[in-house]
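Below is one structure, written out as structure tokens; the observations come after it.
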Amino acid sequence: MSRSRQPPLVTGISPNEGIPWTKVTIRGENLGTGPTDLIGLTICGHNCLLTAEWMSASKIVCRVGQAKNDKGDIIVTTKSGGRGTSTVSFKLLKPEKIGILDQSAVWVDEMNYYDMRTDRNKGIPPLSLRPANPLGIEIEKCKLPQKNLEVLFHGMSADFTSENFSAAWYLIENHSNTSFEQLKMAVTNLKRQANKKSEGSLAYVKGGLSTFFEAQDALSAIHQKLEADGTEKVEGSMTQKLENVLNRASNTADTLFQEVLGRKDKADSTRNALNVLQRFKFLFNLPLNIKRNIQKGDYDVVINDYEKAKSLFGKTEVQVFKKYYAEVEAGIEDLRELLLKKLLETPSTLHDQKRYIRYLSDLHAPGDPAWQCIGAQHKWTLKLMQDCKEGHVKSLKAWRYKTPHRVAFVEKLTKLVLSQLPNFWKLWISYVNGSLFSETAEKSGQIERSKNVRQRQNDFKKMIQEVMHSLVKLIRGALLPFSLREGDGRQYGGWEVQAELSGQWLAHVIQTIRLTYESLTALEIPNDMLQIIQDLILDLRIRCIMVTLQHTAEEIKRLAEKEDWIVDNEGLTSLPCQFEQSIVHSLQSLKGVVDCKPGEASVFQQPKTQEEVCQLCISIMQVFIYCLEQLSTKPDADIDTTHLSVDVSSPDLFGSIHEDFGLTSEQRLLIVLSNCCYLERHTFLNIAEHFEKHNFQGIEKITQVSMASLKELDQRLFENYIELKADPIVGSLETGIYAGYFDWKDCLPPAGVRNYLKEALVNIIAVHAEVFTISKELVPRVLARVIEAVSEELSRLMQCVSSFSRNGALQARLEICALRDTVAIYLTPESRSSFKQALEALPQLASGADKKLLEELLNKFKSSMHLQLTCFQAASPTVMKT
């Protein structure tokens, strides 16, 4: 039979895509004349004829099978038209894997179930129906070792079904190299999955809507047939048969799924048990972990684990948990004791102290560990200070260093205090402001700690004061033992000292203590706690001044040994200069001691100190005056210098003064007198200026007393010298006048000045030469006094003569006038008066011839002794009149 119809043509399909077993409607032309005419139907190469239902020549309904291709044509074959063609295609989507317990509107092959099982990850329970890749992007495993990740995310898990799931761990492990764009795509996938889950049953109903309609149609048809039959309750009826079929289906389903459901329940219970075991594994292993972490010093880990265990099992009623938690508490108690022991150990750093205090605070240790630490540090500091003193006292005899033993002790003691006290003070400040404690402990114990701080501020102040008192008393015991009380001598003293420290070393100690005070002030320690150090510095400054001045007095006392008797052009030796330099050097060494640092009081604020310093300065001046006196009376045999250096510009009338035999007592007197004059006019005034420059008090009294003592010595030495020089000349006058039984009543006419007067003048010239050689400035003073003595004696002798002859009166007038005119420049009112009285005792000249003779004889005398009398003709600002 020939074909009379055209081949089938498919022009449409709805829907045009779907998963296997999706019901589709095919539309076209020449699709057959009836159900029997349809002999073939393939979609994407899969035969769908078994599920096909012919509706008309332009419509067929069927279900898509498990096709081989993802996209393909819809081919219809009929008896009447043969194999047809298609102008449309169908896209086959991969079906979602449906678990055996998931809802589905169509029948699912068991192969799908088994395929799904083979895709599960290792270690996941078989009924855990989680997706293998929840983000829906390519997985790139991380090369980082699993152990490192476990350390980094302690207590967490990369399993997103776990209670301790860590998203960061999962991303590092599976997507460490994934780009940002892919991660954004993963976020979109997660949102889509979340939305899909939120749809719930509504999505399930939408997905199988056609199936529901088919089931509804089938049930309606069955209901209509049952009503038509009318035998619902008759034995062997269709209803009874249907019930039996359904019961068998139910039993068969139970038989099929009982094992699966049993395995699921068992797996769920096993998983729950594992979760419980995993959760409580932390508690069971915690005692051992605490012990191990304590041994390693990981106290932070122990504290974190303890806090976690306390929150989970602190109030548990389960006996097993109670037992293990009791072991945890015992381990924590041991840790508290260990930390407290370490906290109270000395020496320790401030960082370690704060760390241990925080640990104990986090562990809710009983008491107040921070305050215990402060007390321990206080006792440790006091012990270190006392041990420092004991060690130095014991090693006193073996000390061989340049620095004095007690100075080295003070340096070490202050260094020790400065190394301990800053951390001690910072520990207290941290205790007050709460920075020693963790945030949790701070919030819980804030009120209690504020009470403790208020109660313990006085206690800490006493600790600081005790340290300051101990420091000051130890230094006083070494340097100022006389300032200690009787009861403190044994604890803070004990130094067997032979010699007192010099002012230089005391100044060094003062500088050390000043630096210590500045360092303590920088810690913002209140000034009232440091006042005791200021008092010590003041006492040491006063003691340094006293010792320095006493030492200066000792040095000046030894200046007499350094006198070389070498005079300069002004008749001075080096002694006055050495004296002044010694005092200036002493005052310069005291400058840093006398000057006040910020907060220090003046050393001269107390009248007692002013008086003592003033007396010491006066004693220094008087010691030097005493040295001058000793030098002026020093026996010849005790003089070290064997020759005298003389000013080259001064005339040496009589050659070298005892060049080979040393100085005479008269020459020493002259040198000392010359030095006294210079001291009075210059040195003592300069020294007074130096005292004033260095802020010394009582300078007027020092100058006044010193000047008085110096003038007294000068006058006494001067009188001694005049006595030594004037007495021989005066004593020779009377014997010289009456030598050869000379008589004023009976004598020859005068032929010139007699020898006794010439001899007296030569002796006066000798005195002039001696004084001029030493000091030109002393010449007028000495010669004036010598001439006073000679004129006084000459006046006395003239007044004792009962009567003069004419020749005797002329001879006496000649000699008196010759002496007076020769020494005219050295005449004083006293000597002029004596010459006047001597002339008045003589008879007046009788005639002009006598006056002429007297004048001739005087000129002859002056001419003959012109060379000898030159010394009396030196330029003088004032020529003394007769």
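Convention: chains lettered A, B, ... in structure tokens order; per-chain residue numbering from 1; ligands numbered from 1 as shown.
Residues lying within 6 Å of range 699-703 of chain A, counting only C-alpha atoms and ignoring same-chain neighbours fewer than 3 positions away, are Ile618, Ser706 and Met707 of chain A.
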Inset, instruction - Rounded to one decimal place, report the CA of Leu757 in chain A-CA of Leu669 in chain A distance in Å. - result: 27.0 Å
Nearby residues (only C-alpha atoms) at most 12 Å from Asp743 in chain A, same-chain spacing under 2 positions excluded, as a PDB file with N, CA and C atoms, in the first residue's frame:
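New file out-v5.pdb:
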```pdb
ATOM      1  N   ILE A 737     130.837 110.123 121.300  1.00  0.00           N
ATOM      2  CA  ILE A 737     130.959 111.561 121.570  1.00  0.00           C
ATOM      3  C   ILE A 737     132.098 111.833 122.560  1.00  0.00           C
ATOM      4  N   TYR A 738     132.168 111.018 123.589  1.00  0.00           N
ATOM      5  CA  TYR A 738     133.138 111.303 124.655  1.00  0.00           C
ATOM      6  C   TYR A 738     134.394 110.443 124.537  1.00  0.00           C
ATOM      7  N   ALA A 739     134.570 109.880 123.356  1.00  0.00           N
ATOM      8  CA  ALA A 739     135.794 109.100 123.150  1.00  0.00           C
ATOM      9  C   ALA A 739     137.017 110.030 123.237  1.00  0.00           C
ATOM     10  N   GLY A 740     138.123 109.560 123.822  1.00  0.00           N
ATOM     11  CA  GLY A 740     139.352 110.367 123.962  1.00  0.00           C
ATOM     12  C   GLY A 740     139.192 111.492 124.985  1.00  0.00           C
ATOM     13  N   TYR A 741     138.361 111.264 125.933  1.00  0.00           N
ATOM     14  CA  TYR A 741     138.103 112.237 127.021  1.00  0.00           C
ATOM     15  C   TYR A 741     137.713 113.605 126.474  1.00  0.00           C
ATOM     16  N   LYS A 745     133.371 121.623 127.315  1.00  0.00           N
ATOM     17  CA  LYS A 745     133.826 122.895 127.888  1.00  0.00           C
ATOM     18  C   LYS A 745     135.216 123.267 127.432  1.00  0.00           C
ATOM     19  N   ASP A 746     135.961 122.268 127.096  1.00  0.00           N
ATOM     20  CA  ASP A 746     137.367 122.520 126.764  1.00  0.00           C
ATOM     21  C   ASP A 746     137.723 121.691 125.547  1.00  0.00           C
ATOM     22  N   CYS A 747     137.573 122.324 124.394  1.00  0.00           N
ATOM     23  CA  CYS A 747     137.875 121.602 123.162  1.00  0.00           C
ATOM     24  C   CYS A 747     138.453 122.554 122.142  1.00  0.00           C
ATOM     25  N   LEU A 748     139.100 122.004 121.147  1.00  0.00           N
ATOM     26  CA  LEU A 748     139.728 122.791 120.084  1.00  0.00           C
ATOM     27  C   LEU A 748     138.647 123.297 119.134  1.00  0.00           C
ATOM     28  N   VAL A 801     124.371 118.013 128.797  1.00  0.00           N
ATOM     29  CA  VAL A 801     125.629 118.763 128.949  1.00  0.00           C
ATOM     30  C   VAL A 801     125.335 120.021 129.791  1.00  0.00           C
ATOM     31  N   SER A 802     126.150 120.217 130.821  1.00  0.00           N
ATOM     32  CA  SER A 802     125.893 121.344 131.734  1.00  0.00           C
ATOM     33  C   SER A 802     126.242 122.682 131.077  1.00  0.00           C
ATOM     34  N   SER A 803     127.342 122.732 130.345  1.00  0.00           N
ATOM     35  CA  SER A 803     127.724 123.991 129.701  1.00  0.00           C
ATOM     36  C   SER A 803     128.632 123.702 128.519  1.00  0.00           C
ATOM     37  N   PHE A 804     128.590 124.607 127.536  1.00  0.00           N
ATOM     38  CA  PHE A 804     129.410 124.451 126.337  1.00  0.00           C
ATOM     39  C   PHE A 804     130.379 125.641 126.260  1.00  0.00           C
ATOM     40  N   SER A 805     131.547 125.339 125.798  1.00  0.00           N
ATOM     41  CA  SER A 805     132.453 126.441 125.429  1.00  0.00           C
ATOM     42  C   SER A 805     132.060 126.920 124.052  1.00  0.00           C
ATOM     43  N   ARG A 806     132.730 128.017 123.621  1.00  0.00           N
ATOM     44  CA  ARG A 806     132.417 128.521 122.290  1.00  0.00           C
ATOM     45  C   ARG A 806     132.730 127.479 121.242  1.00  0.00           C
ATOM     46  N   ASN A 807     133.871 126.873 121.365  1.00  0.00           N
ATOM     47  CA  ASN A 807     134.248 125.826 120.397  1.00  0.00           C
ATOM     48  C   ASN A 807     133.366 124.594 120.528  1.00  0.00           C
ATOM     49  N   GLY A 808     133.029 124.246 121.797  1.00  0.00           N
ATOM     50  CA  GLY A 808     132.174 123.064 122.021  1.00  0.00           C
ATOM     51  C   GLY A 808     130.800 123.259 121.421  1.00  0.00           C
ATOM     52  N   ALA A 809     130.232 124.474 121.598  1.00  0.00           N
ATOM     53  CA  ALA A 809     128.911 124.728 121.040  1.00  0.00           C
ATOM     54  C   ALA A 809     128.948 124.671 119.522  1.00  0.00           C
ATOM     55  N   GLN A 811     131.104 122.946 117.701  1.00  0.00           N
ATOM     56  CA  GLN A 811     131.301 121.542 117.291  1.00  0.00           C
ATOM     57  C   GLN A 811     129.988 120.759 117.369  1.00  0.00           C
ATOM     58  N   ALA A 812     129.228 120.981 118.464  1.00  0.00           N
ATOM     59  CA  ALA A 812     127.950 120.268 118.634  1.00  0.00           C
ATOM     60  C   ALA A 812     126.955 120.668 117.549  1.00  0.00           C
TER      61      ALA A 812
END
```
Legend entry - Residue list (alpha helix (DSSP H), DSSP) for range 579-789 of chain A, as a PyMOL selection string: chain A and resi 579-589+591-594+607-632+665-678+684-693+699-737+755-774+778-789
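Note that the spacing between CA of Thr521 in chain A and CA of Cys544 in chain A amounts to 24.0 Å.
Counting only C-alpha atoms and comparing A:Met385, A:Gly155, A:Lys426, A:Glu580, the residue that lies closest to Lys308 in chain A is A:Gly155.
Non-sequential neighbours of range 453-469 of chain A (distance at most 8 Å, separation of 3 or more positions within a chain, only C-alpha atoms) are His378, Thr381, Leu382, Val432, Arg449, Ser450, Val472, Lys473, Met529, Leu530, Ile532 and Ile533 of chain A.
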Legend entry - For range 30-43 of chain A: contacts at 6 Å, only C-alpha atoms, fewer than 5 positions along chain excluded, given as a PyMOL selection string: chain A and resi 8+48-49+54+57-58+74-79
Would you write out those residues with N, CA, C and O atoms, as a PDB file, in the first residue's frame?
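Once written, result.pdb looks like this:
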```pdb
ATOM      1  N   PRO A   8       5.506  13.114   9.091  1.00  0.00           N
ATOM      2  CA  PRO A   8       5.235  14.006  10.242  1.00  0.00           C
ATOM      3  C   PRO A   8       6.267  15.150  10.303  1.00  0.00           C
ATOM      4  O   PRO A   8       7.432  14.984   9.970  1.00  0.00           O
ATOM      5  N   CYS A  48      10.885   7.363  23.325  1.00  0.00           N
ATOM      6  CA  CYS A  48       9.878   7.793  24.309  1.00  0.00           C
ATOM      7  C   CYS A  48       8.497   7.250  23.942  1.00  0.00           C
ATOM      8  O   CYS A  48       7.469   7.775  24.434  1.00  0.00           O
ATOM      9  N   LEU A  49       8.431   6.218  23.054  1.00  0.00           N
ATOM     10  CA  LEU A  49       7.152   5.717  22.578  1.00  0.00           C
ATOM     11  C   LEU A  49       6.324   5.126  23.690  1.00  0.00           C
ATOM     12  O   LEU A  49       5.097   5.224  23.704  1.00  0.00           O
ATOM     13  N   TRP A  54      -1.123   9.638  22.120  1.00  0.00           N
ATOM     14  CA  TRP A  54      -1.554  10.381  20.920  1.00  0.00           C
ATOM     15  C   TRP A  54      -2.847  11.098  21.232  1.00  0.00           C
ATOM     16  O   TRP A  54      -3.821  10.510  21.687  1.00  0.00           O
ATOM     17  N   ALA A  57      -3.830  14.625  15.424  1.00  0.00           N
ATOM     18  CA  ALA A  57      -2.802  14.650  14.381  1.00  0.00           C
ATOM     19  C   ALA A  57      -1.834  15.800  14.570  1.00  0.00           C
ATOM     20  O   ALA A  57      -0.779  15.828  13.925  1.00  0.00           O
ATOM     21  N   SER A  58      -2.136  16.704  15.464  1.00  0.00           N
ATOM     22  CA  SER A  58      -1.213  17.841  15.702  1.00  0.00           C
ATOM     23  C   SER A  58      -0.701  17.917  17.133  1.00  0.00           C
ATOM     24  O   SER A  58      -0.034  18.887  17.517  1.00  0.00           O
ATOM     25  N   ILE A  74      13.206  16.241  17.866  1.00  0.00           N
ATOM     26  CA  ILE A  74      12.048  15.401  18.235  1.00  0.00           C
ATOM     27  C   ILE A  74      11.556  14.745  16.920  1.00  0.00           C
ATOM     28  O   ILE A  74      11.065  15.446  16.027  1.00  0.00           O
ATOM     29  N   ILE A  75      11.752  13.430  16.812  1.00  0.00           N
ATOM     30  CA  ILE A  75      11.436  12.698  15.563  1.00  0.00           C
ATOM     31  C   ILE A  75      10.202  11.817  15.814  1.00  0.00           C
ATOM     32  O   ILE A  75      10.216  10.980  16.732  1.00  0.00           O
ATOM     33  N   VAL A  76       9.140  12.027  14.990  1.00  0.00           N
ATOM     34  CA  VAL A  76       7.901  11.223  15.076  1.00  0.00           C
ATOM     35  C   VAL A  76       7.821  10.310  13.826  1.00  0.00           C
ATOM     36  O   VAL A  76       8.031  10.791  12.702  1.00  0.00           O
ATOM     37  N   THR A  77       7.493   9.053  14.034  1.00  0.00           N
ATOM     38  CA  THR A  77       7.351   8.078  12.922  1.00  0.00           C
ATOM     39  C   THR A  77       5.928   7.498  12.951  1.00  0.00           C
ATOM     40  O   THR A  77       5.466   7.054  14.030  1.00  0.00           O
ATOM     41  N   THR A  78       5.269   7.547  11.795  1.00  0.00           N
ATOM     42  CA  THR A  78       3.902   6.982  11.682  1.00  0.00           C
ATOM     43  C   THR A  78       3.852   5.968  10.536  1.00  0.00           C
ATOM     44  O   THR A  78       4.693   5.977   9.644  1.00  0.00           O
ATOM     45  N   LYS A  79       2.797   5.108  10.594  1.00  0.00           N
ATOM     46  CA  LYS A  79       2.629   4.126   9.525  1.00  0.00           C
ATOM     47  C   LYS A  79       2.238   4.826   8.232  1.00  0.00           C
ATOM     48  O   LYS A  79       2.664   4.460   7.140  1.00  0.00           O
TER      49      LYS A  79
END
```
